[in-house]
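The structure appears right after this line, and notes come after that.
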Amino acid sequence: MADMMLHKIVQQQIFEVCKAMGLQTQLEYRGKDWRADVFASNGQSQYAFEVQLSPQSLKKTQERQAKYIRDGIVGCWLFEKEPARQKVELEELPMFKLEQTKNGIIVSLKKRKTLPLDIFIYDFVNDKIRFCHTLNPLPYVEIFFLEMRCWKCGAKNHIYYIAPFRSPCNTLINFDEAMWASDKLAFHPAIVEKIQDYANIEEGKHLQLAPVKTRYSHTVGDSYMSFGCYKCDSIFGDWFVREAVIESWDGNGIVDKLKFKIDFDLNLRQEIPHWCHPGEYDFCE
Ligand SMILES: [Zn+2]
Ligand SMILES: [Zn+2]
């Protein structure tokens, strides 16, 4: 019963948004062998919006979708509970999650982002939600600064690491820097330069940063690009740096942040097909 009410409410909202956009819109529209909850057409494209509150298997959904594809209609599915077997997002099956909240009905794009239902419908029809094959990070680097005491002389120093990247559609893109390697992204000359510049201005001058450079490590028996002590130049080994970074993941110990745009390729694209809603940014790819 509650489901039927919700179904009607969602259906009505979709209907009204489509109407307001000037689309020819009908409820419970019957085609040859299908019936759409909301059917909308702008002369060029036809849309069938399906509000699915009762569970429906992936197979069954694909069967119903095949009829829309056959008839040249864009079928868009809003599930309260998405089919369990659907792991990978599919280009031929735009499928999203409906949620009822105290602020109204929202549509979730795989937890990357949630949109109010009316905005979702508006953006879907206006081609602001598209299928992309890779997740592509935005060209922004965010630096987190941490305090680190020198193990040798006890001086208070700072080190930093690069926060996870975000795609235009708001997915976190984690990356792992190899230990004892000199070619870390954190040590990219363009990034090091930005950090040095920041440490020289008023807001950043509280940071005690020794130069990033090659230092010899007795533990590793080799030299590598490293953080160190600004006072005695002892190396801060990657093992200890990593420990400090992991400890800060819950936000503890981060004393400052810095965000800036970069103009080189991060090479962090991930082959993750998804329905992309970049908002103010460009689509992933
Ligand atoms: Zn020291
Ligand atoms: Zn995306």
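Labels used: A, B, ... for chains in the order of the structure tokens, numbers from 1 for residues in each chain, and numbers from 1 for ligands as shown.
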
For chain A against ligand 2, with a cut-off of 9 Å and counting only C-alpha atoms and all ligand atoms, what is the closest atom pair and its distance in Å to one decimal for every residue that makes the cut, ordered by chain and number, as CSV?
residue,atom,partner,partner_atom_place_in_ligand_line,distance
A:Arg130,CA,ligand 2,1 (Zn),8.4
A:Phe131,CA,ligand 2,1 (Zn),8.1
A:Cys132,CA,ligand 2,1 (Zn),6.3
A:His133,CA,ligand 2,1 (Zn),8.4
A:Thr134,CA,ligand 2,1 (Zn),7.2
A:Leu135,CA,ligand 2,1 (Zn),5.3
A:Asn136,CA,ligand 2,1 (Zn),6.8
A:Pro137,CA,ligand 2,1 (Zn),8.6
A:Ser167,CA,ligand 2,1 (Zn),5.9
A:Pro168,CA,ligand 2,1 (Zn),5.6
A:Cys169,CA,ligand 2,1 (Zn),4.4
A:Asn170,CA,ligand 2,1 (Zn),7.3
A:Thr171,CA,ligand 2,1 (Zn),7.4
A:Ile272,CA,ligand 2,1 (Zn),8.9
A:Pro273,CA,ligand 2,1 (Zn),8.4
A:His274,CA,ligand 2,1 (Zn),6.5
A:Trp275,CA,ligand 2,1 (Zn),6.6
A:Cys276,CA,ligand 2,1 (Zn),3.9
A:His277,CA,ligand 2,1 (Zn),6.2
A:Pro278,CA,ligand 2,1 (Zn),6.2
A:Asp282,CA,ligand 2,1 (Zn),8.8
A:Phe283,CA,ligand 2,1 (Zn),5.9
A:Cys284,CA,ligand 2,1 (Zn),4.4
A:Glu285,CA,ligand 2,1 (Zn),7.3

Would you save the residues of that selection, restricted to C-alpha atoms, as a compact mmCIF listing (two decimals), in the first residue's frame?
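Output saved as again_2.txt:
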# COMPACT_ATOMS: atom_id res chain seq x y z
CA ARG A 130 26.01 10.16 -19.94
CA PHE A 131 27.60 6.77 -20.02
CA CYS A 132 31.40 6.96 -19.71
CA HIS A 133 33.91 4.13 -19.99
CA THR A 134 36.65 5.40 -17.71
CA LEU A 135 36.84 7.30 -14.48
CA ASN A 136 39.11 10.24 -15.03
CA PRO A 137 40.37 12.30 -12.09
CA SER A 167 36.39 12.29 -10.69
CA PRO A 168 34.09 15.00 -12.12
CA CYS A 169 31.21 12.75 -11.06
CA ASN A 170 32.50 12.64 -7.49
CA THR A 171 34.11 9.22 -7.23
CA ILE A 272 35.26 1.72 -14.77
CA PRO A 273 32.17 2.11 -16.94
CA HIS A 274 29.61 4.30 -15.23
CA TRP A 275 26.78 6.73 -15.65
CA CYS A 276 28.52 10.06 -15.26
CA HIS A 277 26.99 13.26 -13.91
CA PRO A 278 29.81 15.81 -13.90
CA ASP A 282 33.43 17.91 -18.24
CA PHE A 283 32.42 14.28 -18.56
CA CYS A 284 34.94 11.62 -17.51
CA GLU A 285 35.49 10.02 -20.95

I want to know what sits within 12 Å of A:Val10, based on only C-alpha atoms, with residues of the same chain fewer than 2 positions away left out; could you give that as a PyMOL selection string?
chain A and resi 3-8+12-17+27+37-38+49-53+78-80+98-100+104-107+116-118+121

Neighbours of ligand 1 at 6 Å or closer, counting only C-alpha atoms and all ligand atoms: which residues, as a PyMOL selection string?
chain A and resi 150+152-155+229+231-234

Go ahead and write the residues just picked, N, CA and C atoms, as a tab-separated table (two decimals), in the first residue's frame.
chain	number	residue	atom	x	y	z
A	150	CYS	N	61.34	14.71	14.32
A	150	CYS	CA	62.56	14.04	13.84
A	150	CYS	C	62.95	12.96	14.85
A	152	LYS	N	65.72	11.72	15.25
A	152	LYS	CA	67.10	11.90	15.71
A	152	LYS	C	67.25	13.10	16.64
A	153	CYS	N	66.81	14.27	16.16
A	153	CYS	CA	67.05	15.48	16.97
A	153	CYS	C	65.77	15.99	17.66
A	154	GLY	N	64.64	15.41	17.32
A	154	GLY	CA	63.40	15.78	18.00
A	154	GLY	C	62.72	17.03	17.46
A	155	ALA	N	63.29	17.65	16.45
A	155	ALA	CA	62.69	18.87	15.90
A	155	ALA	C	61.33	18.59	15.26
A	229	CYS	N	64.61	15.88	7.89
A	229	CYS	CA	64.54	16.89	8.95
A	229	CYS	C	65.15	18.20	8.46
A	231	LYS	N	66.28	20.41	10.23
A	231	LYS	CA	67.35	20.85	11.13
A	231	LYS	C	68.62	20.01	10.97
A	232	CYS	N	68.45	18.68	11.02
A	232	CYS	CA	69.64	17.82	10.99
A	232	CYS	C	69.75	16.98	9.71
A	233	ASP	N	68.77	17.13	8.84
A	233	ASP	CA	68.76	16.47	7.52
A	233	ASP	C	68.66	14.94	7.58
A	234	SER	N	68.28	14.37	8.71
A	234	SER	CA	68.07	12.92	8.77
A	234	SER	C	66.91	12.53	7.86

Counting only C-alpha atoms, which residues of stretch 163-218 of chain A sit at most 12 Å from some atom of stretch 251-269 of chain A, and what is each one's closest atom pair with its distance in Å to one decimal, listed by chain and rising residue number, as a Markdown table?
| residue | atom | partner | partner_atom | distance |
| --- | --- | --- | --- | --- |
| A:Ala163 | CA | A:Lys257 | CA | 9.4 |
| A:Pro164 | CA | A:Leu268 | CA | 11.0 |
| A:Phe165 | CA | A:Leu268 | CA | 9.0 |
| A:Arg166 | CA | A:Leu268 | CA | 10.6 |
| A:Ser167 | CA | A:Arg269 | CA | 9.4 |
| A:Thr171 | CA | A:Arg269 | CA | 11.9 |
| A:Leu172 | CA | A:Leu268 | CA | 11.6 |
| A:Ile173 | CA | A:Leu268 | CA | 8.1 |
| A:Asn174 | CA | A:Leu268 | CA | 9.2 |
| A:Phe175 | CA | A:Leu268 | CA | 8.1 |
| A:Asp176 | CA | A:Leu268 | CA | 10.9 |
| A:Lys184 | CA | A:Leu266 | CA | 11.6 |
| A:Leu185 | CA | A:Leu266 | CA | 8.5 |
| A:Ala186 | CA | A:Leu266 | CA | 11.4 |
| A:His188 | CA | A:Phe264 | CA | 10.1 |
| A:Pro189 | CA | A:Phe264 | CA | 11.0 |
| A:Ala190 | CA | A:Ile262 | CA | 7.8 |
| A:Ile191 | CA | A:Ile262 | CA | 8.1 |
| A:Val192 | CA | A:Ile262 | CA | 11.7 |
| A:Glu193 | CA | A:Ile262 | CA | 11.4 |
| A:Lys194 | CA | A:Phe260 | CA | 8.1 |
| A:Ile195 | CA | A:Leu258 | CA | 8.1 |
| A:Gln196 | CA | A:Leu258 | CA | 11.5 |
| A:Asp197 | CA | A:Leu258 | CA | 11.2 |
| A:Tyr198 | CA | A:Leu258 | CA | 8.2 |
| A:Ala199 | CA | A:Leu258 | CA | 10.5 |
| A:Glu203 | CA | A:Asp256 | CA | 9.5 |
| A:Gly204 | CA | A:Asp256 | CA | 8.4 |
| A:Lys205 | CA | A:Asp256 | CA | 11.1 |
| A:His206 | CA | A:Asp256 | CA | 9.5 |
| A:Leu207 | CA | A:Asp256 | CA | 8.7 |
| A:Gln208 | CA | A:Val255 | CA | 11.7 |

Limited to C-alpha atoms, could you put the picked residues into a file as a PDB file, in the first residue's frame?
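Generated output (out39.pdb):
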ATOM      1  CA  ALA A 163      44.730  13.180  -0.878  1.00  0.00           C
ATOM      2  CA  PRO A 164      42.631  10.806  -2.994  1.00  0.00           C
ATOM      3  CA  PHE A 165      41.576  12.297  -6.290  1.00  0.00           C
ATOM      4  CA  ARG A 166      38.022  12.874  -7.347  1.00  0.00           C
ATOM      5  CA  SER A 167      36.389  12.292 -10.694  1.00  0.00           C
ATOM      6  CA  THR A 171      34.112   9.221  -7.234  1.00  0.00           C
ATOM      7  CA  LEU A 172      37.120   8.946  -4.975  1.00  0.00           C
ATOM      8  CA  ILE A 173      40.113   7.658  -6.898  1.00  0.00           C
ATOM      9  CA  ASN A 174      42.589   6.170  -4.489  1.00  0.00           C
ATOM     10  CA  PHE A 175      46.138   5.613  -5.467  1.00  0.00           C
ATOM     11  CA  ASP A 176      49.051   4.128  -3.663  1.00  0.00           C
ATOM     12  CA  LYS A 184      56.379   9.323  -6.368  1.00  0.00           C
ATOM     13  CA  LEU A 185      53.697  11.690  -7.550  1.00  0.00           C
ATOM     14  CA  ALA A 186      54.158  13.644  -4.317  1.00  0.00           C
ATOM     15  CA  HIS A 188      56.704  15.544  -8.979  1.00  0.00           C
ATOM     16  CA  PRO A 189      58.643  18.784  -9.598  1.00  0.00           C
ATOM     17  CA  ALA A 190      55.469  20.751 -10.348  1.00  0.00           C
ATOM     18  CA  ILE A 191      53.927  19.633  -7.064  1.00  0.00           C
ATOM     19  CA  VAL A 192      57.077  20.219  -5.022  1.00  0.00           C
ATOM     20  CA  GLU A 193      57.294  23.721  -6.452  1.00  0.00           C
ATOM     21  CA  LYS A 194      53.702  24.572  -5.498  1.00  0.00           C
ATOM     22  CA  ILE A 195      54.353  23.386  -1.961  1.00  0.00           C
ATOM     23  CA  GLN A 196      57.536  25.406  -1.664  1.00  0.00           C
ATOM     24  CA  ASP A 197      55.711  28.490  -2.893  1.00  0.00           C
ATOM     25  CA  TYR A 198      53.030  27.914  -0.307  1.00  0.00           C
ATOM     26  CA  ALA A 199      55.569  27.509   2.512  1.00  0.00           C
ATOM     27  CA  GLU A 203      49.452  31.138   5.289  1.00  0.00           C
ATOM     28  CA  GLY A 204      52.053  28.452   4.794  1.00  0.00           C
ATOM     29  CA  LYS A 205      55.007  29.742   6.746  1.00  0.00           C
ATOM     30  CA  HIS A 206      54.029  27.775   9.876  1.00  0.00           C
ATOM     31  CA  LEU A 207      55.201  24.662   8.024  1.00  0.00           C
ATOM     32  CA  GLN A 208      58.673  23.312   8.674  1.00  0.00           C
TER      33      GLN A 208
END

From the DSSP assignment of the backbone, select every residue of stretch 2-233 of chain A that is alpha helix (DSSP H), and format the answer as a count of residues only.
53

Excluding same-chain residues fewer than 2 positions from A:Arg215, what lies within 10 Å of it counting only C-alpha atoms, as an mmCIF file with all heavy atoms, in the first residue's frame?
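Once everything was written out, this is around_5.cif:
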data_model
loop_
_atom_site.group_PDB
_atom_site.id
_atom_site.type_symbol
_atom_site.label_atom_id
_atom_site.label_comp_id
_atom_site.auth_asym_id
_atom_site.auth_seq_id
_atom_site.Cartn_x
_atom_site.Cartn_y
_atom_site.Cartn_z
ATOM 1 N N VAL A 212 62.698 18.178 -0.356
ATOM 2 C CA VAL A 212 62.555 16.805 -0.833
ATOM 3 C C VAL A 212 63.790 16.522 -1.672
ATOM 4 O O VAL A 212 64.108 17.286 -2.582
ATOM 5 C CB VAL A 212 61.280 16.692 -1.692
ATOM 6 C CG1 VAL A 212 61.303 15.423 -2.513
ATOM 7 C CG2 VAL A 212 60.033 16.755 -0.821
ATOM 8 N N LYS A 213 64.526 15.486 -1.327
ATOM 9 C CA LYS A 213 65.746 15.187 -2.102
ATOM 10 C C LYS A 213 66.178 13.739 -1.870
ATOM 11 O O LYS A 213 65.588 13.031 -1.051
ATOM 12 C CB LYS A 213 66.866 16.149 -1.710
ATOM 13 C CG LYS A 213 67.281 16.022 -0.256
ATOM 14 C CD LYS A 213 68.469 16.944 0.033
ATOM 15 C CE LYS A 213 69.054 16.601 1.416
ATOM 16 N NZ LYS A 213 70.131 17.464 1.826
ATOM 17 N N SER A 217 69.429 5.745 2.891
ATOM 18 C CA SER A 217 68.757 5.052 3.991
ATOM 19 C C SER A 217 69.554 3.811 4.364
ATOM 20 O O SER A 217 69.783 2.938 3.533
ATOM 21 C CB SER A 217 67.338 4.650 3.568
ATOM 22 O OG SER A 217 66.880 3.587 4.382
ATOM 23 N N HIS A 218 69.977 3.739 5.634
ATOM 24 C CA HIS A 218 70.712 2.554 6.098
ATOM 25 C C HIS A 218 69.796 1.339 6.180
ATOM 26 O O HIS A 218 70.223 0.213 5.993
ATOM 27 C CB HIS A 218 71.358 2.836 7.462
ATOM 28 C CG HIS A 218 72.495 3.793 7.359
ATOM 29 N ND1 HIS A 218 73.740 3.435 6.906
ATOM 30 C CD2 HIS A 218 72.557 5.140 7.605
ATOM 31 C CE1 HIS A 218 74.530 4.495 6.899
ATOM 32 N NE2 HIS A 218 73.830 5.548 7.308
ATOM 33 N N ASP A 222 70.057 1.949 0.401
ATOM 34 C CA ASP A 222 70.022 2.620 -0.894
ATOM 35 C C ASP A 222 69.570 4.070 -0.698
ATOM 36 O O ASP A 222 69.068 4.424 0.372
ATOM 37 C CB ASP A 222 69.055 1.883 -1.830
ATOM 38 C CG ASP A 222 69.365 2.146 -3.302
ATOM 39 O OD1 ASP A 222 70.305 2.931 -3.590
ATOM 40 O OD2 ASP A 222 68.669 1.564 -4.156
ATOM 41 N N SER A 223 69.717 4.850 -1.739
ATOM 42 C CA SER A 223 69.254 6.237 -1.684
ATOM 43 C C SER A 223 67.944 6.369 -2.430
ATOM 44 O O SER A 223 67.745 5.711 -3.452
ATOM 45 C CB SER A 223 70.289 7.169 -2.324
ATOM 46 O OG SER A 223 71.491 7.116 -1.593
ATOM 47 N N TYR A 224 67.093 7.206 -1.916
ATOM 48 C CA TYR A 224 65.851 7.490 -2.653
ATOM 49 C C TYR A 224 65.328 8.866 -2.265
ATOM 50 O O TYR A 224 65.720 9.435 -1.241
ATOM 51 C CB TYR A 224 64.798 6.393 -2.424
ATOM 52 C CG TYR A 224 64.329 6.199 -0.990
ATOM 53 C CD1 TYR A 224 63.189 6.850 -0.526
ATOM 54 C CD2 TYR A 224 65.008 5.348 -0.124
ATOM 55 C CE1 TYR A 224 62.739 6.650 0.771
ATOM 56 C CE2 TYR A 224 64.573 5.145 1.172
ATOM 57 C CZ TYR A 224 63.433 5.802 1.621
ATOM 58 O OH TYR A 224 62.993 5.606 2.902
ATOM 59 N N MET A 225 64.457 9.392 -3.101
ATOM 60 C CA MET A 225 63.848 10.699 -2.838
ATOM 61 C C MET A 225 63.034 10.582 -1.566
ATOM 62 O O MET A 225 62.234 9.660 -1.414
ATOM 63 C CB MET A 225 62.933 11.105 -3.992
ATOM 64 C CG MET A 225 63.667 11.549 -5.243
ATOM 65 S SD MET A 225 64.395 13.185 -5.059
ATOM 66 C CE MET A 225 63.056 14.180 -5.676
ATOM 67 N N SER A 226 63.214 11.533 -0.673
ATOM 68 C CA SER A 226 62.622 11.362 0.654
ATOM 69 C C SER A 226 62.336 12.692 1.327
ATOM 70 O O SER A 226 62.814 13.746 0.908
ATOM 71 C CB SER A 226 63.594 10.570 1.521
ATOM 72 O OG SER A 226 64.838 11.261 1.540
ATOM 73 N N PHE A 227 61.522 12.574 2.366
ATOM 74 C CA PHE A 227 61.386 13.693 3.298
ATOM 75 C C PHE A 227 62.528 13.585 4.306
ATOM 76 O O PHE A 227 63.117 12.514 4.488
ATOM 77 C CB PHE A 227 60.058 13.587 4.059
ATOM 78 C CG PHE A 227 58.851 13.788 3.203
ATOM 79 C CD1 PHE A 227 57.989 12.728 2.929
ATOM 80 C CD2 PHE A 227 58.554 15.042 2.668
ATOM 81 C CE1 PHE A 227 56.856 12.904 2.151
ATOM 82 C CE2 PHE A 227 57.429 15.225 1.888
ATOM 83 C CZ PHE A 227 56.575 14.155 1.626
ATOM 84 N N GLY A 228 62.795 14.695 4.992
ATOM 85 C CA GLY A 228 63.845 14.659 6.002
ATOM 86 C C GLY A 228 63.665 15.785 6.990
ATOM 87 O O GLY A 228 62.685 16.535 6.919
ATOM 88 N N ASP A 233 68.771 17.131 8.837
ATOM 89 C CA ASP A 233 68.757 16.468 7.525
ATOM 90 C C ASP A 233 68.655 14.938 7.582
ATOM 91 O O ASP A 233 68.887 14.254 6.587
ATOM 92 C CB ASP A 233 69.982 16.873 6.693
ATOM 93 C CG ASP A 233 69.707 16.699 5.199
ATOM 94 O OD1 ASP A 233 68.550 16.945 4.780
ATOM 95 O OD2 ASP A 233 70.614 16.290 4.462
ATOM 96 N N SER A 234 68.283 14.372 8.713
ATOM 97 C CA SER A 234 68.068 12.918 8.767
ATOM 98 C C SER A 234 66.912 12.534 7.862
ATOM 99 O O SER A 234 65.946 13.288 7.708
ATOM 100 C CB SER A 234 67.725 12.486 10.191
ATOM 101 O OG SER A 234 68.790 12.774 11.048
ATOM 102 N N ILE A 235 67.031 11.370 7.288
ATOM 103 C CA ILE A 235 65.972 10.878 6.405
ATOM 104 C C ILE A 235 64.742 10.459 7.225
ATOM 105 O O ILE A 235 64.879 9.896 8.312
ATOM 106 C CB ILE A 235 66.481 9.709 5.524
ATOM 107 C CG1 ILE A 235 65.423 9.300 4.492
ATOM 108 C CG2 ILE A 235 66.880 8.502 6.378
ATOM 109 C CD1 ILE A 235 65.962 8.322 3.433
ATOM 110 N N PHE A 236 63.550 10.773 6.725
ATOM 111 C CA PHE A 236 62.322 10.218 7.300
ATOM 112 C C PHE A 236 61.940 9.037 6.405
ATOM 113 O O PHE A 236 61.430 9.221 5.308
ATOM 114 C CB PHE A 236 61.188 11.253 7.316
ATOM 115 C CG PHE A 236 61.425 12.395 8.280
ATOM 116 C CD1 PHE A 236 60.606 13.515 8.261
ATOM 117 C CD2 PHE A 236 62.453 12.344 9.223
ATOM 118 C CE1 PHE A 236 60.808 14.571 9.148
ATOM 119 C CE2 PHE A 236 62.669 13.396 10.120
ATOM 120 C CZ PHE A 236 61.848 14.517 10.073
ATOM 121 N N GLY A 237 62.234 7.864 6.892
ATOM 122 C CA GLY A 237 62.045 6.665 6.077
ATOM 123 C C GLY A 237 60.594 6.473 5.652
ATOM 124 O O GLY A 237 59.659 6.864 6.357
#

Given only C-alpha atoms as the counted atoms, nearest of A:Ala66, A:Ile246, A:Ile9, A:Val241 to A:Trp151
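Comparing A:Ala66, A:Ile246, A:Ile9, A:Val241 against A:Trp151, the winner is A:Val241.
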
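Proximity to A:Ile73 was assessed for A:Ala36, A:Leu109, A:Leu209, A:Val88 counting only C-alpha atoms; the smallest distance is recorded for A:Ala36.
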
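Residue nearest A:Pro83 within the list A:Tyr216, A:Lys111, A:Ser54, A:Asn157: A:Ser54 [criterion: smallest interatomic distance, only C-alpha atoms].
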
My list of candidates is A:Ala2, A:Leu93, A:Val74, A:Ala40. Which is closest to A:Ala20 when distances are computed with only C-alpha atoms?
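The answer is A:Ala40, which sits nearest to A:Ala20.
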
Between atom CA of A:Trp180 and atom CA of A:Thr219 - distance in Å to one decimal
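So the two atoms, atom CA of A:Thr219 and atom CA of A:Trp180, lie 10.6 Å apart.
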
Between atom CA of A:Ala48 and atom CA of A:Thr25, what distance in Å does the model show, to one decimal?
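Distance reported for this atom pair: 9.9 Å.
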